[in-house]
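K.L.:
Sharing a structure, written as structure tokens. Questions coming.
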Number of protein chains: 2
Amino acid sequence: MNVGRRVDYAVRALSYLAGQPDGTIVSRSDIEKNQDVPSFYLSKIMKDLVAGGLVESHIGSKGGFTLAKKATSITIKDIYETVERPLVLMECLEQGASYCSFCTVCKQKSIWEEAQSVLANFLAGVTIADIADRQGMKGRMLKTPMQRVG
Amino acid sequence: MNVGRRVDYAVRALSYLAGQPDGTIVSRSDIEKNQDVPSFYLSKIMKDLVAGGLVESHIGSKGGFTLAKKATSITIKDIYETVERPLVLMECLEQGASYCSFCTVCKQKSIWEEAQSVLANFLAGVTIADIADRQGMKGRMLKTPMQRVG
DNA sequence: GACATAGTAGACCTAACGAGTCTATATTTA
DNA sequence: TAAATATAGACTCGTTAGGTCTACTATGTC
């Protein structure tokens, strides 16, 4: 039960984008360097974020990525589900009886269901803007002054 | 970010024990049969539960397991941490700078810290007794009438 | 139009982990 | 003594996370 690097890197990338002057196109390698993400690794993650409608890509020379929405409307839950999978705490909540034959009479199930809601609600209440606001990472500290998007 | 079978099986085992008449010793294979847990698999899980002080073991013929505490004082969080690992949502919360060099200035971190608290608090508020009360699983429905421990 | 510079798509690798199975040993009851 | 039980640990197998790389396509610029 922990959040993997894909989500971590996706949050870094998105909050980095959010911290750029409006409309700035940022390349994958730029993000990787500034946010300490392994080379090339972001290519798969950004693909998912594009497919999920969270960022827009710009192919070709001088290409790169920009946010596809306001930073205030991209939640951590969105990001998690876009780059990983639906937020599900216990497999039975997704698979039902094919996970466990006692599913219909199981009391444990509702506990996990509630726990999942509690967590999902929290993560749906936090946006990239909240993170970018107090970003503080390397790039932000050394380079351009803070300038918000949205 | 999901809860694995170890925790699922541990909760089944413990709530099964909680549903027995007070002081009843139940063998591993008995639990496995009644709670649909793969043969032998519980041997490792019960070992952890014994080591964690949640159950007591009785070696030898007619041996088996009993709860070591009242069902009302065994929480889901206890179980999770006993059979799996400390409840940590993001590795950086445990490993700090050895996970990520930006740790000291990272805003993302506090988000996961909060999310973790929210989840942990919820799981610490649910006990085995809550589950056993409305157990409903196979064994309970077919066999002895409900009788609570603690 | 040519070329450099991007993203796109996907193959590929490796180590670790989850889940499950089994066995030899120590311990206890009958 | 014999049967039944937990204990400890080895073992397998498939999947996944994390990471790396390359061929291809699209686009801006000279």
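Each chain in the structure tokens gets a letter, A, B, ..., in the order shown, and its residues are numbered from 1; ligands are numbered from 1 in order too.
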Taking 3 positions as the minimum chain separation for residues in the same chain, which residues sit within 9 Å of Leu49 in chain B when counting only C-alpha atoms (C1' of nucleotides)? Answer as a PyMOL selection string.
P.N.:
chain B and resi 10+44-46+52-56+79+82-83
K.L.:
Please find the residues of chain A near chain B - the criterion being any atom within 8 Å, counting only C-alpha atoms - and write them as a list in words.
P.N.:
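The answer, sorted by residue number, is Met1, Asn2, Val3, Gly4, Val11, Leu87, Val88, Leu89, Met90, Glu91, Phe102, Val105, Cys106, Lys107, Gln108, Ile111, Ala115, Val118, Leu119, Phe122, Leu123, Val126, Ile131, Ala132, Arg134, Gln135, Gly136, Met137 and Lys138 of chain A.
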K.L.:
Go through range 53-91 of chain B residue by residue and, counting only C-alpha atoms (C1' of nucleotides), keep those with an atom at most 10 Å from range 4-7 of chain D; for each kept residue give the shortest atom pair and its distance in Å to one decimal, ordered by chain and increasing number, as CSV.
P.N.:
```
residue,atom,partner,partner_atom,distance
B:Ser57,CA,D:DA6,C1',7.3
B:His58,CA,D:DA6,C1',7.1
B:Ile59,CA,D:DA6,C1',4.9
B:Gly60,CA,D:DT5,C1',4.4
B:Ser61,CA,D:DA4,C1',4.2
B:Lys62,CA,D:DA4,C1',6.6
B:Gly63,CA,D:DT5,C1',5.4
B:Gly64,CA,D:DT5,C1',7.0
B:Phe65,CA,D:DA6,C1',9.2
```
K.L.:
Keeping only C-alpha atoms, write the selected residues to a file as a short mmCIF file (atom, residue, chain, number, x, y, z; two decimals), in the first residue's frame.
P.N.:
```cif
data_model
loop_
_atom_site.label_atom_id
_atom_site.label_comp_id
_atom_site.auth_asym_id
_atom_site.auth_seq_id
_atom_site.Cartn_x
_atom_site.Cartn_y
_atom_site.Cartn_z
CA SER B 57 -0.27 -20.02 19.79
CA HIS B 58 -0.61 -23.42 21.43
CA ILE B 59 1.83 -25.99 20.12
CA GLY B 60 1.18 -29.71 20.08
CA SER B 61 -1.80 -31.95 19.63
CA LYS B 62 -5.08 -30.04 19.96
CA GLY B 63 -3.02 -26.92 19.55
CA GLY B 64 -3.87 -23.85 17.57
CA PHE B 65 -4.53 -20.18 18.08
#
```
K.L.:
Please identify every residue of chain C that has at least one atom no farther than 6 Å from an atom of chain A, counting only C-alpha atoms (C1' of nucleotides), and for each give the shortest atom pair and the distance in Å to one decimal, arranged by chain then increasing number, as a Markdown table.
P.N.:
```
| residue | atom | partner | partner_atom | distance |
| --- | --- | --- | --- | --- |
| C:DT5 | C1' | A:Ser61 | CA | 4.1 |
| C:DA6 | C1' | A:Gly60 | CA | 4.1 |
| C:DG7 | C1' | A:Ile59 | CA | 4.9 |
```
K.L.:
Restrict the distance test to only C-alpha atoms (C1' of nucleotides), flag each residue of chain D within 8 Å of chain A, and return the flagged residues as a list in words.
P.N.:
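On the chain D side, the interface is DA17, DG19, DT20, DA26, DT27 and DG28 of chain D.
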K.L.:
Quick one: pull the distance between CA of Gly96 in chain B and CA of Leu67 in chain A, Å, one decimal.
P.N.:
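Between CA of Gly96 in chain B and CA of Leu67 in chain A the gap works out to 28.9 Å.
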K.L.:
Quick one: distance from C1' of DA9 in chain C to C1' of DT22 in chain D in Å, one decimal?
P.N.:
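Computing the Euclidean distance for C1' of DA9 in chain C and C1' of DT22 in chain D yields 10.5 Å.
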K.L.:
Write out as a count of residues only all residues of range 2-76 of chain A that backbone DSSP assigns to strand (DSSP E).
P.N.:
8
K.L.:
Please, which residues of chain A, numbered as in this document, come out helix (DSSP H, G or I) from DSSP, as number ranges by chain?
P.N.:
A: 5-18, 28-35, 41-51, 71-73, 76-83, 92-98, 103-105, 108-124, 128-133, 138-142
K.L.:
Please produce a file of those selected residues containing C-alpha atoms, as a PDB file, in the first residue's frame.
P.N.:
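Result written to selection07.pdb:
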```
ATOM      1  CA  ARG A   5       7.591   6.574  -8.461  1.00  0.00           C
ATOM      2  CA  ARG A   6       5.345   7.021 -11.469  1.00  0.00           C
ATOM      3  CA  VAL A   7       2.979   9.115  -9.411  1.00  0.00           C
ATOM      4  CA  ASP A   8       5.790  10.929  -7.682  1.00  0.00           C
ATOM      5  CA  TYR A   9       7.391  11.848 -11.021  1.00  0.00           C
ATOM      6  CA  ALA A  10       4.056  12.800 -12.547  1.00  0.00           C
ATOM      7  CA  VAL A  11       3.362  15.186  -9.685  1.00  0.00           C
ATOM      8  CA  ARG A  12       6.820  16.678 -10.039  1.00  0.00           C
ATOM      9  CA  ALA A  13       6.373  17.143 -13.768  1.00  0.00           C
ATOM     10  CA  LEU A  14       2.951  18.701 -13.468  1.00  0.00           C
ATOM     11  CA  SER A  15       3.852  21.053 -10.672  1.00  0.00           C
ATOM     12  CA  TYR A  16       6.943  22.065 -12.605  1.00  0.00           C
ATOM     13  CA  LEU A  17       4.756  22.878 -15.595  1.00  0.00           C
ATOM     14  CA  ALA A  18       2.387  24.747 -13.345  1.00  0.00           C
ATOM     15  CA  ARG A  28      10.786  16.142 -21.385  1.00  0.00           C
ATOM     16  CA  SER A  29      14.528  16.351 -20.843  1.00  0.00           C
ATOM     17  CA  ASP A  30      14.145  19.779 -19.285  1.00  0.00           C
ATOM     18  CA  ILE A  31      11.683  18.422 -16.768  1.00  0.00           C
ATOM     19  CA  GLU A  32      13.838  15.397 -16.105  1.00  0.00           C
ATOM     20  CA  LYS A  33      16.881  17.504 -15.393  1.00  0.00           C
ATOM     21  CA  ASN A  34      15.123  19.997 -13.185  1.00  0.00           C
ATOM     22  CA  GLN A  35      13.055  17.516 -11.250  1.00  0.00           C
ATOM     23  CA  TYR A  41      11.607   7.652 -17.921  1.00  0.00           C
ATOM     24  CA  LEU A  42       9.235  10.539 -18.288  1.00  0.00           C
ATOM     25  CA  SER A  43       8.434   9.606 -21.876  1.00  0.00           C
ATOM     26  CA  LYS A  44       6.053   6.900 -20.727  1.00  0.00           C
ATOM     27  CA  ILE A  45       4.520   8.932 -17.961  1.00  0.00           C
ATOM     28  CA  MET A  46       3.913  12.008 -20.097  1.00  0.00           C
ATOM     29  CA  LYS A  47       2.252   9.819 -22.678  1.00  0.00           C
ATOM     30  CA  ASP A  48      -0.258   8.746 -20.059  1.00  0.00           C
ATOM     31  CA  LEU A  49      -0.792  12.304 -18.917  1.00  0.00           C
ATOM     32  CA  VAL A  50      -1.469  13.359 -22.487  1.00  0.00           C
ATOM     33  CA  ALA A  51      -3.845  10.467 -23.034  1.00  0.00           C
ATOM     34  CA  ALA A  71      -3.480  23.831 -12.199  1.00  0.00           C
ATOM     35  CA  THR A  72      -6.326  24.413  -9.790  1.00  0.00           C
ATOM     36  CA  SER A  73      -8.406  21.739 -11.476  1.00  0.00           C
ATOM     37  CA  ILE A  76      -3.707  14.361  -6.992  1.00  0.00           C
ATOM     38  CA  LYS A  77      -6.381  11.749  -7.392  1.00  0.00           C
ATOM     39  CA  ASP A  78      -6.612  12.576 -11.106  1.00  0.00           C
ATOM     40  CA  ILE A  79      -2.896  12.154 -11.457  1.00  0.00           C
ATOM     41  CA  TYR A  80      -2.790   8.910  -9.552  1.00  0.00           C
ATOM     42  CA  GLU A  81      -5.538   7.361 -11.614  1.00  0.00           C
ATOM     43  CA  THR A  82      -4.096   8.649 -14.860  1.00  0.00           C
ATOM     44  CA  VAL A  83      -0.597   7.300 -14.509  1.00  0.00           C
ATOM     45  CA  CYS A  92     -12.345  -7.379  -4.009  1.00  0.00           C
ATOM     46  CA  LEU A  93     -13.798  -3.903  -4.428  1.00  0.00           C
ATOM     47  CA  GLU A  94     -13.007  -4.164  -8.110  1.00  0.00           C
ATOM     48  CA  GLN A  95     -13.252  -7.857  -8.819  1.00  0.00           C
ATOM     49  CA  GLY A  96     -16.051  -8.903  -6.507  1.00  0.00           C
ATOM     50  CA  ALA A  97     -16.765 -12.613  -6.351  1.00  0.00           C
ATOM     51  CA  SER A  98     -13.940 -13.476  -8.706  1.00  0.00           C
ATOM     52  CA  CYS A 103     -17.955 -11.315  -1.339  1.00  0.00           C
ATOM     53  CA  THR A 104     -21.685 -10.943  -0.949  1.00  0.00           C
ATOM     54  CA  VAL A 105     -21.632 -11.610   2.772  1.00  0.00           C
ATOM     55  CA  GLN A 108     -14.544  -6.605   5.778  1.00  0.00           C
ATOM     56  CA  LYS A 109     -15.404  -5.248   2.366  1.00  0.00           C
ATOM     57  CA  SER A 110     -17.314  -2.233   3.583  1.00  0.00           C
ATOM     58  CA  ILE A 111     -14.397  -1.253   5.796  1.00  0.00           C
ATOM     59  CA  TRP A 112     -12.068  -1.039   2.835  1.00  0.00           C
ATOM     60  CA  GLU A 113     -14.719   0.714   0.846  1.00  0.00           C
ATOM     61  CA  GLU A 114     -14.945   3.409   3.477  1.00  0.00           C
ATOM     62  CA  ALA A 115     -11.194   3.662   3.872  1.00  0.00           C
ATOM     63  CA  GLN A 116     -10.917   4.074   0.148  1.00  0.00           C
ATOM     64  CA  SER A 117     -13.456   6.879   0.128  1.00  0.00           C
ATOM     65  CA  VAL A 118     -11.707   8.674   2.928  1.00  0.00           C
ATOM     66  CA  LEU A 119      -8.429   8.556   1.072  1.00  0.00           C
ATOM     67  CA  ALA A 120      -9.878   9.359  -2.335  1.00  0.00           C
ATOM     68  CA  ASN A 121     -11.767  12.340  -0.978  1.00  0.00           C
ATOM     69  CA  PHE A 122      -8.651  13.726   0.554  1.00  0.00           C
ATOM     70  CA  LEU A 123      -6.588  13.315  -2.596  1.00  0.00           C
ATOM     71  CA  ALA A 124      -9.360  14.773  -4.720  1.00  0.00           C
ATOM     72  CA  ILE A 128      -1.309  20.765  -8.469  1.00  0.00           C
ATOM     73  CA  ALA A 129      -1.721  24.453  -7.740  1.00  0.00           C
ATOM     74  CA  ASP A 130      -1.521  23.731  -4.027  1.00  0.00           C
ATOM     75  CA  ILE A 131       1.810  22.058  -4.597  1.00  0.00           C
ATOM     76  CA  ALA A 132       3.201  24.506  -7.127  1.00  0.00           C
ATOM     77  CA  ASP A 133       2.385  27.424  -4.846  1.00  0.00           C
ATOM     78  CA  LYS A 138      15.631  23.138  -7.223  1.00  0.00           C
ATOM     79  CA  GLY A 139      14.472  24.677 -10.466  1.00  0.00           C
ATOM     80  CA  ARG A 140      12.135  27.094  -8.778  1.00  0.00           C
ATOM     81  CA  MET A 141      14.674  28.243  -6.296  1.00  0.00           C
ATOM     82  CA  LEU A 142      17.466  28.836  -8.760  1.00  0.00           C
TER      83      LEU A 142
END
```
